[in-house]
Amino acid sequence: MTPPRPAGSPALEDKAFLVLLVAVSLAFAWIVWPFFGAVLWGVILAIVFTPLYRRLLRSMRQRRTLAALATLVIILVLVILPLTLVTALLVQEGAGVYERIQSGEFDLGRYFQQAFNALPAWITSLLDRFELTNLGLVQERLSAALRKSSQFLAGQALNLGQNTLNFVLSSFVMLYLLFFLLRDGDALVECIRAAIPLDPEQLRTLASRFTGVIRATVKGTLVVAVVQGALGGLIFWLLGIHAPALWAALMALLSLLPAVGTGLVWLPVAIYLLATGATWQGIVLIAYGVLVIGLVDNVLRPILVGKDTRMPDYVVLISTLGGIAIFGINGFVIGPVIAAMFIAVWGMLSASRPGFKPVRPDIGAREE
């Protein structure tokens with residue numbers, strides 16, 4: 001005969017199970033953490049390419065394994081291999097710049113002196129008023145910054161060879177996980193929805209917001225960054241500016257930040273060209289930057305992102321910078337996703353209150 005349960009045991013069991021659930025979840029996260037980047041990008045790529053997988057699934061008569069393999073091959077050929085080649089080229093060019101600095105072939109101080117000597121008198125007097133005419137100090141700081149940046153890239157070239165095994169292992173984990181996320185993604189989503197104790201309508205809203213922001217960030221921000229970087233690198237190459245791939249990568253990185261953009265790279269270079277007598281090159285670079293590079297964001301982003309997943313530019317900027325500061329390069333996706341979840345959850349709370357009046361979630365976003 002089973003002894004009777006003491007009073008209040010169901011509540012105690014619930015608390016014990018909750019503690020066990022949290023402990024096991026934290027332990028699992030601790031084990032998976034070394035492959036955080038691989039898991040993150042496996043999930044991101046699965047979300048972005050699920051529509052392609054579903055189209056292939058219909059054309060392949062619902063053969064899920066075959067459709068997932070075909071999607072994986074397309075991702076490998078169109079995304080991963082080109083990105084690996086560009087990264088290798090960038091690291092190699094950065095190492096070359098570092099070698100030129102070390103050998104004295106690339107003298108930043110001399111270029112800075114040439115630009116300063118070509119400035120009009122009113123600009124030099126203005127700089128003098130702000131105590132910016134101490135060329136020795138400015139040259140020293142600029143040279144140190146450039147040397148540190150190129151030294152970092154040179155170090156990455158060395159680490160790339162030393163950490164080949166880790167890179168290959170992480171890539172394998174990402175692709176392996178990506179295959180199963182594509183093939184079994186619908187079943188996994190249903191399991192997650194069943195386990196989360198939220199209202200079904202709230203779950204649908206959060207899931208839609210989560211997937212929408214990830215697709216918008218990758219398809220919109222990343223594609224725009226790649227296009228702007230490629231266009232910037234092209235004009236730098238045509239104008240004979242050294243290390244165009246390095247400049248292209250820097251412009252692509254800065255284009256991730258709204259309200260900042262690639263102008264932080266091409267505009268100072270154009271000013272330097274004008275100040276050193278390369279007048280037509282400077283004019284061409286300014287016209288190209290404004291009319292070609294600058295318009296890419298206004299043309300491509302609305303097409304790729306759309307209205308439903310947009311956030312105010314200041315929210316995107318702050319969340320992107322904060323995400324990168326905390327999570328590194330992965331933060332340019334994580335930051336906006338967290339910001340979008342923040343806005344969505346607080347929007348749900350506001351909607352549940354009596355007398356609620358809807359407010360446009362995209363106030364401050366870019367106009368179409």
# chains A, B, ... in the order shown; residues from 1 in each chain; ligands from 1

$ residues_around --residues "Ile329 of chain A" --least-positions-apart "5" --cutoff "12 Å" --atoms "only C-alpha atoms" --output "VMD selection string"
chain A and resid 37 40 to 41 222 253 256 320 to 324 334 to 335

$ closest_residue --among "A:Val43, A:Val292, A:Leu267, A:Leu234" --to "Val173 of chain A" --atoms "only C-alpha atoms"
A:Val43

$ select_by_dssp --residues "segment 190-358 of chain A" --states "alpha helix (DSSP H)" --output "VMD selection string"
chain A and resid 190 to 195 200 to 215 223 to 238 244 to 254 263 to 275 279 to 288 294 to 305 313 to 327 331 to 351

$ closest_residue --among "A:Val39, A:Arg193, A:Asn330, A:Leu72" --to "Leu206 of chain A" --atoms "only C-alpha atoms"
A:Arg193

$ closest_residue --among "A:Leu69, A:Ala248, A:Val315, A:Val223" --to "Ile338 of chain A" --atoms "only C-alpha atoms"
A:Val315

$ closest_residue --among "A:Gln228, A:Gln202, A:Ser25, A:Thr87" --to "Ala351 of chain A" --atoms "only C-alpha atoms"
A:Gln202

$ closest_residue --among "A:Ile47, A:Ala344, A:Ile235, A:Ala325" --to "Asp186 of chain A" --atoms "only C-alpha atoms"
A:Ile47

$ residues_around --residues "Val48 of chain A" --least-positions-apart "5" --cutoff "9 Å" --atoms "only C-alpha atoms" --output "PyMOL selection string"
chain A and resi 43+211+214-216+218-219
